[in-house]
>>> print(open('model31.pdb').read())   # PDB, C-alpha atoms (C1' of nucleotides)
ATOM      1  CA  MET T   1     -12.583  36.777   1.554  1.00  0.00           C
ATOM      2  CA  LYS T   2     -12.245  37.042  -2.167  1.00  0.00           C
ATOM      3  CA  LYS T   3     -15.043  36.639  -4.663  1.00  0.00           C
ATOM      4  CA  ILE T   4     -14.413  34.774  -7.891  1.00  0.00           C
ATOM      5  CA  LYS T   5     -15.614  36.645 -10.957  1.00  0.00           C
ATOM      6  CA  SER T   6     -14.148  34.616 -13.806  1.00  0.00           C
ATOM      7  CA  VAL T   7     -11.796  31.808 -14.670  1.00  0.00           C
ATOM      8  CA  LYS T   8      -8.980  34.303 -14.754  1.00  0.00           C
ATOM      9  CA  ASP T   9      -9.539  35.069 -11.098  1.00  0.00           C
ATOM     10  CA  VAL T  10      -9.508  31.359 -10.498  1.00  0.00           C
ATOM     11  CA  LEU T  11      -6.182  30.947 -12.190  1.00  0.00           C
ATOM     12  CA  LYS T  12      -4.864  33.810 -10.126  1.00  0.00           C
ATOM     13  CA  ALA T  13      -6.184  32.289  -6.934  1.00  0.00           C
ATOM     14  CA  MET T  14      -4.628  28.976  -7.909  1.00  0.00           C
ATOM     15  CA  GLN T  15      -1.253  30.623  -7.568  1.00  0.00           C
ATOM     16  CA  SER T  16      -1.789  30.613  -3.838  1.00  0.00           C
ATOM     17  CA  TYR T  17      -2.280  26.871  -3.745  1.00  0.00           C
ATOM     18  CA  PRO T  18       0.078  23.883  -4.060  1.00  0.00           C
ATOM     19  CA  ALA T  19       0.712  22.353  -7.453  1.00  0.00           C
ATOM     20  CA  PHE T  20      -1.083  19.223  -6.368  1.00  0.00           C
ATOM     21  CA  PHE T  21      -4.296  21.178  -5.888  1.00  0.00           C
ATOM     22  CA  ARG T  22      -4.012  22.779  -9.283  1.00  0.00           C
ATOM     23  CA  LYS T  23      -3.580  19.381 -10.882  1.00  0.00           C
ATOM     24  CA  VAL T  24      -6.661  18.114  -9.093  1.00  0.00           C
ATOM     25  CA  TRP T  25      -8.756  21.099 -10.164  1.00  0.00           C
ATOM     26  CA  LYS T  26      -7.490  20.870 -13.701  1.00  0.00           C
ATOM     27  CA  ALA T  27      -8.378  17.193 -13.927  1.00  0.00           C
ATOM     28  CA  THR T  28     -11.787  17.936 -12.425  1.00  0.00           C
ATOM     29  CA  MET T  29     -12.392  20.640 -15.006  1.00  0.00           C
ATOM     30  CA  GLN T  30     -11.663  18.080 -17.703  1.00  0.00           C
ATOM     31  CA  ILE T  31     -14.827  16.216 -16.702  1.00  0.00           C
ATOM     32  CA  PRO T  32     -17.370  16.552 -19.552  1.00  0.00           C
ATOM     33  CA  PRO T  33     -20.950  17.826 -18.865  1.00  0.00           C
ATOM     34  CA  GLY T  34     -23.480  15.300 -17.621  1.00  0.00           C
ATOM     35  CA  GLU T  35     -20.706  12.946 -16.630  1.00  0.00           C
ATOM     36  CA  THR T  36     -19.336  11.942 -13.265  1.00  0.00           C
ATOM     37  CA  ARG T  37     -15.856  10.830 -12.276  1.00  0.00           C
ATOM     38  CA  SER T  38     -14.570   9.219  -9.106  1.00  0.00           C
ATOM     39  CA  TYR T  39     -11.839  10.653  -6.924  1.00  0.00           C
ATOM     40  CA  LYS T  40      -9.641   7.818  -8.016  1.00  0.00           C
ATOM     41  CA  TRP T  41     -10.196   8.865 -11.613  1.00  0.00           C
ATOM     42  CA  VAL T  42      -8.855  12.308 -10.836  1.00  0.00           C
ATOM     43  CA  ALA T  43      -6.084  10.869  -8.691  1.00  0.00           C
ATOM     44  CA  GLU T  44      -4.894   8.704 -11.548  1.00  0.00           C
ATOM     45  CA  ASN T  45      -5.156  11.587 -13.990  1.00  0.00           C
ATOM     46  CA  ILE T  46      -2.867  13.751 -11.915  1.00  0.00           C
ATOM     47  CA  GLY T  47      -0.409  10.928 -11.419  1.00  0.00           C
ATOM     48  CA  HIS T  48      -1.413   9.940  -7.881  1.00  0.00           C
ATOM     49  CA  PRO T  49      -3.664   6.883  -8.119  1.00  0.00           C
ATOM     50  CA  ARG T  50      -3.433   6.484  -4.349  1.00  0.00           C
ATOM     51  CA  ALA T  51      -4.064  10.128  -3.464  1.00  0.00           C
ATOM     52  CA  ALA T  52      -7.836  10.026  -3.782  1.00  0.00           C
ATOM     53  CA  ARG T  53      -8.112  11.486  -0.287  1.00  0.00           C
ATOM     54  CA  ALA T  54      -5.700  14.252  -1.072  1.00  0.00           C
ATOM     55  CA  VAL T  55      -7.830  14.946  -4.135  1.00  0.00           C
ATOM     56  CA  ALA T  56     -10.850  15.275  -1.883  1.00  0.00           C
ATOM     57  CA  MET T  57      -8.862  17.745   0.189  1.00  0.00           C
ATOM     58  CA  ALA T  58      -8.194  19.861  -2.874  1.00  0.00           C
ATOM     59  CA  LEU T  59     -11.843  19.806  -3.892  1.00  0.00           C
ATOM     60  CA  LYS T  60     -12.873  20.731  -0.379  1.00  0.00           C
ATOM     61  CA  LYS T  61     -10.587  23.745  -0.419  1.00  0.00           C
ATOM     62  CA  ASN T  62     -11.656  24.503  -3.972  1.00  0.00           C
ATOM     63  CA  PRO T  63     -12.902  28.124  -3.926  1.00  0.00           C
ATOM     64  CA  PHE T  64     -13.920  27.749  -7.572  1.00  0.00           C
ATOM     65  CA  ALA T  65     -17.255  26.028  -7.108  1.00  0.00           C
ATOM     66  CA  PRO T  66     -18.724  26.465 -10.649  1.00  0.00           C
ATOM     67  CA  ILE T  67     -15.301  26.397 -12.247  1.00  0.00           C
ATOM     68  CA  VAL T  68     -14.273  23.130 -10.671  1.00  0.00           C
ATOM     69  CA  PRO T  69     -17.409  20.934 -10.524  1.00  0.00           C
ATOM     70  CA  CYS T  70     -16.570  19.171  -7.289  1.00  0.00           C
ATOM     71  CA  HIS T  71     -20.151  17.944  -7.269  1.00  0.00           C
ATOM     72  CA  ARG T  72     -19.399  16.161 -10.504  1.00  0.00           C
ATOM     73  CA  VAL T  73     -16.714  14.204  -8.673  1.00  0.00           C
ATOM     74  CA  ILE T  74     -18.120  11.318  -6.693  1.00  0.00           C
ATOM     75  CA  ARG T  75     -16.968   8.232  -4.830  1.00  0.00           C
ATOM     76  CA  SER T  76     -16.545   4.841  -6.417  1.00  0.00           C
ATOM     77  CA  ASP T  77     -19.859   3.949  -4.774  1.00  0.00           C
ATOM     78  CA  GLY T  78     -21.594   6.441  -7.004  1.00  0.00           C
ATOM     79  CA  LYS T  79     -22.412   8.635  -4.011  1.00  0.00           C
ATOM     80  CA  ILE T  80     -21.226  12.140  -3.230  1.00  0.00           C
ATOM     81  CA  GLY T  81     -19.314  11.123  -0.169  1.00  0.00           C
ATOM     82  CA  GLY T  82     -20.283  13.735   2.379  1.00  0.00           C
ATOM     83  CA  TYR T  83     -19.952  17.348   1.277  1.00  0.00           C
ATOM     84  CA  SER T  84     -19.607  19.759   4.174  1.00  0.00           C
ATOM     85  CA  GLY T  85     -22.011  22.304   2.701  1.00  0.00           C
ATOM     86  CA  PHE T  86     -25.639  22.894   3.622  1.00  0.00           C
ATOM     87  CA  GLY T  87     -27.192  20.940   0.779  1.00  0.00           C
ATOM     88  CA  GLY T  88     -26.668  23.164  -2.231  1.00  0.00           C
ATOM     89  CA  ILE T  89     -24.785  20.220  -3.644  1.00  0.00           C
ATOM     90  CA  LYS T  90     -28.067  18.359  -3.984  1.00  0.00           C
ATOM     91  CA  LYS T  91     -29.310  20.912  -6.478  1.00  0.00           C
ATOM     92  CA  LYS T  92     -26.153  20.487  -8.476  1.00  0.00           C
ATOM     93  CA  ILE T  93     -26.554  16.739  -8.407  1.00  0.00           C
ATOM     94  CA  TYR T  94     -30.133  17.138  -9.548  1.00  0.00           C
ATOM     95  CA  LEU T  95     -29.045  19.178 -12.558  1.00  0.00           C
ATOM     96  CA  LEU T  96     -26.291  16.686 -13.204  1.00  0.00           C
ATOM     97  CA  GLU T  97     -28.773  13.828 -13.206  1.00  0.00           C
ATOM     98  CA  LYS T  98     -30.955  15.753 -15.645  1.00  0.00           C
ATOM     99  CA  GLU T  99     -28.022  16.292 -17.960  1.00  0.00           C
ATOM    100  CA  LYS T 100     -27.211  12.620 -17.833  1.00  0.00           C
ATOM    101  CA  GLU T 101     -30.748  11.744 -18.867  1.00  0.00           C
ATOM    102  CA  GLN T 102     -30.802  14.412 -21.566  1.00  0.00           C
ATOM    103  CA  LYS T 103     -27.626  13.279 -23.240  1.00  0.00           C
ATOM    104  CA  THR T 104     -28.751   9.634 -23.142  1.00  0.00           C
TER     105      THR T 104
ATOM    106  C1'  DC P   1       9.014  17.855  12.625  1.00  0.00           C
ATOM    107  C1'  DG P   2       4.917  15.587  14.461  1.00  0.00           C
ATOM    108  C1'  DT P   3      -0.044  15.540  15.004  1.00  0.00           C
ATOM    109  C1'  DA P   4      -4.711  16.061  13.353  1.00  0.00           C
ATOM    110  C1'  DT P   5      -8.153  16.165   9.607  1.00  0.00           C
ATOM    111  C1'  DG P   6     -10.677  14.732   5.427  1.00  0.00           C
ATOM    112  C1'  DG P   7     -16.199  14.868   0.214  1.00  0.00           C
ATOM    113  C1'  DC P   8     -11.517   8.145  -0.240  1.00  0.00           C
ATOM    114  C1'  DT P   9     -10.344   3.179  -1.622  1.00  0.00           C
ATOM    115  C1'  DC P  10      -9.315  -1.488  -0.912  1.00  0.00           C
ATOM    116  C1'  DC P  11      -9.159  -5.764   1.597  1.00  0.00           C
ATOM    117  C1'  DT P  12     -11.064  -8.989   4.855  1.00  0.00           C
ATOM    118  C1'  DC P  13     -14.683 -11.040   7.632  1.00  0.00           C
TER     119       DC P  13
ATOM    120  C1'  DC S   1     -23.659  -9.087  -1.002  1.00  0.00           C
ATOM    121  C1'  DG S   2     -23.078  -6.115   3.257  1.00  0.00           C
ATOM    122  C1'  DA S   3     -20.468  -4.174   7.068  1.00  0.00           C
ATOM    123  C1'  DG S   4     -16.077  -3.049   9.285  1.00  0.00           C
ATOM    124  C1'  DG S   5     -11.153  -2.023   9.727  1.00  0.00           C
ATOM    125  C1'  DA S   6      -6.664  -0.509   7.975  1.00  0.00           C
ATOM    126  C1'  DG S   7      -4.018   2.130   4.653  1.00  0.00           C
ATOM    127  C1'  DC S   8      -2.602   5.855   1.623  1.00  0.00           C
ATOM    128  C1'  DC S   9      -1.767  10.972   0.463  1.00  0.00           C
ATOM    129  C1'  DA S  10      -1.404  15.898   1.074  1.00  0.00           C
ATOM    130  C1'  DT S  11      -2.377  20.227   3.725  1.00  0.00           C
ATOM    131  C1'  DA S  12      -2.632  22.983   7.749  1.00  0.00           C
ATOM    132  C1'  DC S  13      -1.229  24.031  12.526  1.00  0.00           C
TER     133       DC S  13
END
>>> encode(input="model31.pdb", output="structure tokens")
Amino acid sequence: MKKIKSVKDVLKAMQSYPAFFRKVWKATMQIPPGETRSYKWVAENIGHPRAARAVAMALKKNPFAPIVPCHRVIRSDGKIGGYSGFGGIKKKIYLLEKEKEQKT
DNA sequence: CGTATGGCTCCTC
DNA sequence: CGAGGAGCCATAC
């Protein structure tokens, strides 16, 4: 297992992943603070408006948690979707909600 | 190459 | 408006 120390490590790790993944992560990183985007949003941004599920795959494999705010990416329903983690995502969502209210 | 999996989205009832 | 079923896409084995 490799521990991510900085964005540079992320970029290096990206080299071991398909181009599609990198596009997904890049699009996800483009999401501004306090804002949320749907998988479809990312899918369209990378040029695959129908690959929302594939996008989810990339985010799931995403070893760059704080670099690629997968928690900032939600479903069209406005919900997280499922997240396979223990619940740490909830904390992230909480902070996200706070940011949203702050920037009002 | 074919099958299985997944943090989805859309359409129809 | 709410619930359910089918479809689409890419990765990993």
>>> interface_residues(input="model31.pdb", of="chain T", to="chain S", cutoff="9 Å", atoms="only C-alpha atoms (C1' of nucleotides)", output="short mmCIF file (atom, residue, chain, number, x, y, z; two decimals) with C-alpha atoms, keeping the file's coordinate frame")
data_model
loop_
_atom_site.label_atom_id
_atom_site.label_comp_id
_atom_site.auth_asym_id
_atom_site.auth_seq_id
_atom_site.Cartn_x
_atom_site.Cartn_y
_atom_site.Cartn_z
CA PRO T 18 0.08 23.88 -4.06
CA PHE T 20 -1.08 19.22 -6.37
CA HIS T 48 -1.41 9.94 -7.88
CA ARG T 50 -3.43 6.48 -4.35
CA ALA T 51 -4.06 10.13 -3.46
CA ALA T 52 -7.84 10.03 -3.78
CA ARG T 53 -8.11 11.49 -0.29
CA ALA T 54 -5.70 14.25 -1.07
CA VAL T 55 -7.83 14.95 -4.14
CA MET T 57 -8.86 17.74 0.19
CA ALA T 58 -8.19 19.86 -2.87
#
>>> residues_around(input="model31.pdb", residues="T:Trp41", least_positions_apart="5", cutoff="12 Å", atoms="all atoms listed in the file", output="JSON, numbers by chain")
{"T": [24, 27, 28, 30, 31, 36, 46, 47, 48, 49, 50, 51, 52, 53, 55, 56, 72, 73, 74, 75, 76], "P": [8, 9]}
>>> closest_residue(input="model31.pdb", among="T:Ala43, T:Ala19, T:Ile80, T:Val7", to="T:Ala65", atoms="all atoms listed in the file")
T:Val7
>>> closest_residue(input="model31.pdb", among="T:Gln102, T:Lys12, T:Lys60, T:Gly34", to="T:Gly81", atoms="only C-alpha atoms")
T:Lys60
>>> resolve_selection(input="model31.pdb", expression="the PyMOL selection byres ((chain T and resi 62) around 12)", output="PyMOL selection string")
(chain T and resi 4+10-11+13-14+16-18+21-26+28-29+55-61+63-71) or (chain P and resi 7)
>>> atom_distance(input="model31.pdb", atom1="atom CA of T:Glu35", atom2="atom CA of T:Lys79")
13.4 Å
>>> atom_distance(input="model31.pdb", atom1="atom CA of T:Ile93", atom2="atom CA of T:Asp9")
25.2 Å
>>> closest_residue(input="model31.pdb", among="T:Ser6, T:Gln15, T:Pro32, T:Val42", to="chain P", atoms="only C-alpha atoms (C1' of nucleotides)")
T:Val42
>>> atom_distance(input="model31.pdb", atom1="atom C1' of P:DT5", atom2="atom CA of T:Lys40")
19.6 Å
>>> build_atoms(input="model31.pdb", residues="stretch 53-64 of chain T", atoms="all heavy atoms", output="PDB file, keeping the file's coordinate frame")
ATOM      1  N   ARG T  53      -7.745  10.665  -1.458  1.00  0.00           N
ATOM      2  CA  ARG T  53      -8.112  11.486  -0.287  1.00  0.00           C
ATOM      3  C   ARG T  53      -7.529  12.880  -0.415  1.00  0.00           C
ATOM      4  O   ARG T  53      -8.159  13.879  -0.078  1.00  0.00           O
ATOM      5  CB  ARG T  53      -7.625  10.801   0.984  1.00  0.00           C
ATOM      6  CG  ARG T  53      -8.436   9.550   1.222  1.00  0.00           C
ATOM      7  CD  ARG T  53      -7.990   8.827   2.451  1.00  0.00           C
ATOM      8  NE  ARG T  53      -8.570   9.417   3.636  1.00  0.00           N
ATOM      9  CZ  ARG T  53      -8.404   8.904   4.837  1.00  0.00           C
ATOM     10  NH1 ARG T  53      -7.670   7.845   4.992  1.00  0.00           N
ATOM     11  NH2 ARG T  53      -8.963   9.441   5.862  1.00  0.00           N
ATOM     12  N   ALA T  54      -6.327  12.940  -0.885  1.00  0.00           N
ATOM     13  CA  ALA T  54      -5.700  14.252  -1.072  1.00  0.00           C
ATOM     14  C   ALA T  54      -6.506  15.027  -2.102  1.00  0.00           C
ATOM     15  O   ALA T  54      -6.677  16.243  -2.003  1.00  0.00           O
ATOM     16  CB  ALA T  54      -4.266  14.052  -1.534  1.00  0.00           C
ATOM     17  N   VAL T  55      -7.005  14.317  -3.102  1.00  0.00           N
ATOM     18  CA  VAL T  55      -7.830  14.946  -4.135  1.00  0.00           C
ATOM     19  C   VAL T  55      -9.065  15.544  -3.477  1.00  0.00           C
ATOM     20  O   VAL T  55      -9.450  16.681  -3.755  1.00  0.00           O
ATOM     21  CB  VAL T  55      -8.261  13.908  -5.182  1.00  0.00           C
ATOM     22  CG1 VAL T  55      -9.295  14.515  -6.138  1.00  0.00           C
ATOM     23  CG2 VAL T  55      -7.058  13.418  -5.971  1.00  0.00           C
ATOM     24  N   ALA T  56      -9.665  14.788  -2.595  1.00  0.00           N
ATOM     25  CA  ALA T  56     -10.850  15.275  -1.883  1.00  0.00           C
ATOM     26  C   ALA T  56     -10.500  16.536  -1.117  1.00  0.00           C
ATOM     27  O   ALA T  56     -11.280  17.491  -1.061  1.00  0.00           O
ATOM     28  CB  ALA T  56     -11.335  14.190  -0.926  1.00  0.00           C
ATOM     29  N   MET T  57      -9.323  16.564  -0.539  1.00  0.00           N
ATOM     30  CA  MET T  57      -8.862  17.745   0.189  1.00  0.00           C
ATOM     31  C   MET T  57      -8.855  18.958  -0.726  1.00  0.00           C
ATOM     32  O   MET T  57      -9.336  20.027  -0.388  1.00  0.00           O
ATOM     33  CB  MET T  57      -7.445  17.486   0.689  1.00  0.00           C
ATOM     34  CG  MET T  57      -7.395  16.949   2.109  1.00  0.00           C
ATOM     35  SD  MET T  57      -7.758  18.178   3.331  1.00  0.00           S
ATOM     36  CE  MET T  57      -9.451  17.746   3.634  1.00  0.00           C
ATOM     37  N   ALA T  58      -8.292  18.753  -1.913  1.00  0.00           N
ATOM     38  CA  ALA T  58      -8.194  19.861  -2.874  1.00  0.00           C
ATOM     39  C   ALA T  58      -9.588  20.354  -3.255  1.00  0.00           C
ATOM     40  O   ALA T  58      -9.843  21.549  -3.302  1.00  0.00           O
ATOM     41  CB  ALA T  58      -7.449  19.381  -4.111  1.00  0.00           C
ATOM     42  N   LEU T  59     -10.486  19.422  -3.506  1.00  0.00           N
ATOM     43  CA  LEU T  59     -11.843  19.806  -3.892  1.00  0.00           C
ATOM     44  C   LEU T  59     -12.546  20.512  -2.740  1.00  0.00           C
ATOM     45  O   LEU T  59     -13.354  21.409  -2.934  1.00  0.00           O
ATOM     46  CB  LEU T  59     -12.631  18.562  -4.304  1.00  0.00           C
ATOM     47  CG  LEU T  59     -12.094  17.930  -5.589  1.00  0.00           C
ATOM     48  CD1 LEU T  59     -12.845  16.637  -5.873  1.00  0.00           C
ATOM     49  CD2 LEU T  59     -12.265  18.893  -6.749  1.00  0.00           C
ATOM     50  N   LYS T  60     -12.248  20.106  -1.550  1.00  0.00           N
ATOM     51  CA  LYS T  60     -12.873  20.731  -0.379  1.00  0.00           C
ATOM     52  C   LYS T  60     -12.403  22.185  -0.262  1.00  0.00           C
ATOM     53  O   LYS T  60     -13.183  23.080   0.022  1.00  0.00           O
ATOM     54  CB  LYS T  60     -12.479  19.970   0.881  1.00  0.00           C
ATOM     55  CG  LYS T  60     -13.168  20.515   2.094  1.00  0.00           C
ATOM     56  CD  LYS T  60     -12.597  19.903   3.350  1.00  0.00           C
ATOM     57  CE  LYS T  60     -13.310  20.534   4.533  1.00  0.00           C
ATOM     58  NZ  LYS T  60     -12.581  20.280   5.772  1.00  0.00           N
ATOM     59  N   LYS T  61     -11.142  22.396  -0.507  1.00  0.00           N
ATOM     60  CA  LYS T  61     -10.587  23.745  -0.419  1.00  0.00           C
ATOM     61  C   LYS T  61     -10.948  24.556  -1.659  1.00  0.00           C
ATOM     62  O   LYS T  61     -10.853  25.777  -1.656  1.00  0.00           O
ATOM     63  CB  LYS T  61      -9.071  23.620  -0.297  1.00  0.00           C
ATOM     64  CG  LYS T  61      -8.660  22.672   0.808  1.00  0.00           C
ATOM     65  CD  LYS T  61      -8.198  23.383   2.021  1.00  0.00           C
ATOM     66  CE  LYS T  61      -6.787  23.874   1.829  1.00  0.00           C
ATOM     67  NZ  LYS T  61      -6.183  24.221   3.133  1.00  0.00           N
ATOM     68  N   ASN T  62     -11.335  23.857  -2.705  1.00  0.00           N
ATOM     69  CA  ASN T  62     -11.656  24.503  -3.972  1.00  0.00           C
ATOM     70  C   ASN T  62     -12.603  25.688  -3.841  1.00  0.00           C
ATOM     71  O   ASN T  62     -13.786  25.517  -3.617  1.00  0.00           O
ATOM     72  CB  ASN T  62     -12.237  23.423  -4.903  1.00  0.00           C
ATOM     73  CG  ASN T  62     -13.177  24.017  -5.900  1.00  0.00           C
ATOM     74  OD1 ASN T  62     -13.476  25.197  -5.910  1.00  0.00           O
ATOM     75  ND2 ASN T  62     -13.671  23.205  -6.771  1.00  0.00           N
ATOM     76  N   PRO T  63     -12.106  26.907  -3.994  1.00  0.00           N
ATOM     77  CA  PRO T  63     -12.902  28.124  -3.926  1.00  0.00           C
ATOM     78  C   PRO T  63     -13.547  28.436  -5.275  1.00  0.00           C
ATOM     79  O   PRO T  63     -14.174  29.462  -5.458  1.00  0.00           O
ATOM     80  CB  PRO T  63     -11.860  29.189  -3.573  1.00  0.00           C
ATOM     81  CG  PRO T  63     -10.587  28.697  -4.211  1.00  0.00           C
ATOM     82  CD  PRO T  63     -10.702  27.179  -4.266  1.00  0.00           C
ATOM     83  N   PHE T  64     -13.403  27.530  -6.214  1.00  0.00           N
ATOM     84  CA  PHE T  64     -13.920  27.749  -7.572  1.00  0.00           C
ATOM     85  C   PHE T  64     -15.094  26.808  -7.835  1.00  0.00           C
ATOM     86  O   PHE T  64     -15.073  25.999  -8.754  1.00  0.00           O
ATOM     87  CB  PHE T  64     -12.831  27.495  -8.589  1.00  0.00           C
ATOM     88  CG  PHE T  64     -11.465  27.776  -8.051  1.00  0.00           C
ATOM     89  CD1 PHE T  64     -10.576  26.758  -7.850  1.00  0.00           C
ATOM     90  CD2 PHE T  64     -11.101  29.093  -7.740  1.00  0.00           C
ATOM     91  CE1 PHE T  64      -9.310  27.023  -7.357  1.00  0.00           C
ATOM     92  CE2 PHE T  64      -9.843  29.361  -7.245  1.00  0.00           C
ATOM     93  CZ  PHE T  64      -8.932  28.323  -7.053  1.00  0.00           C
TER      94      PHE T  64
END
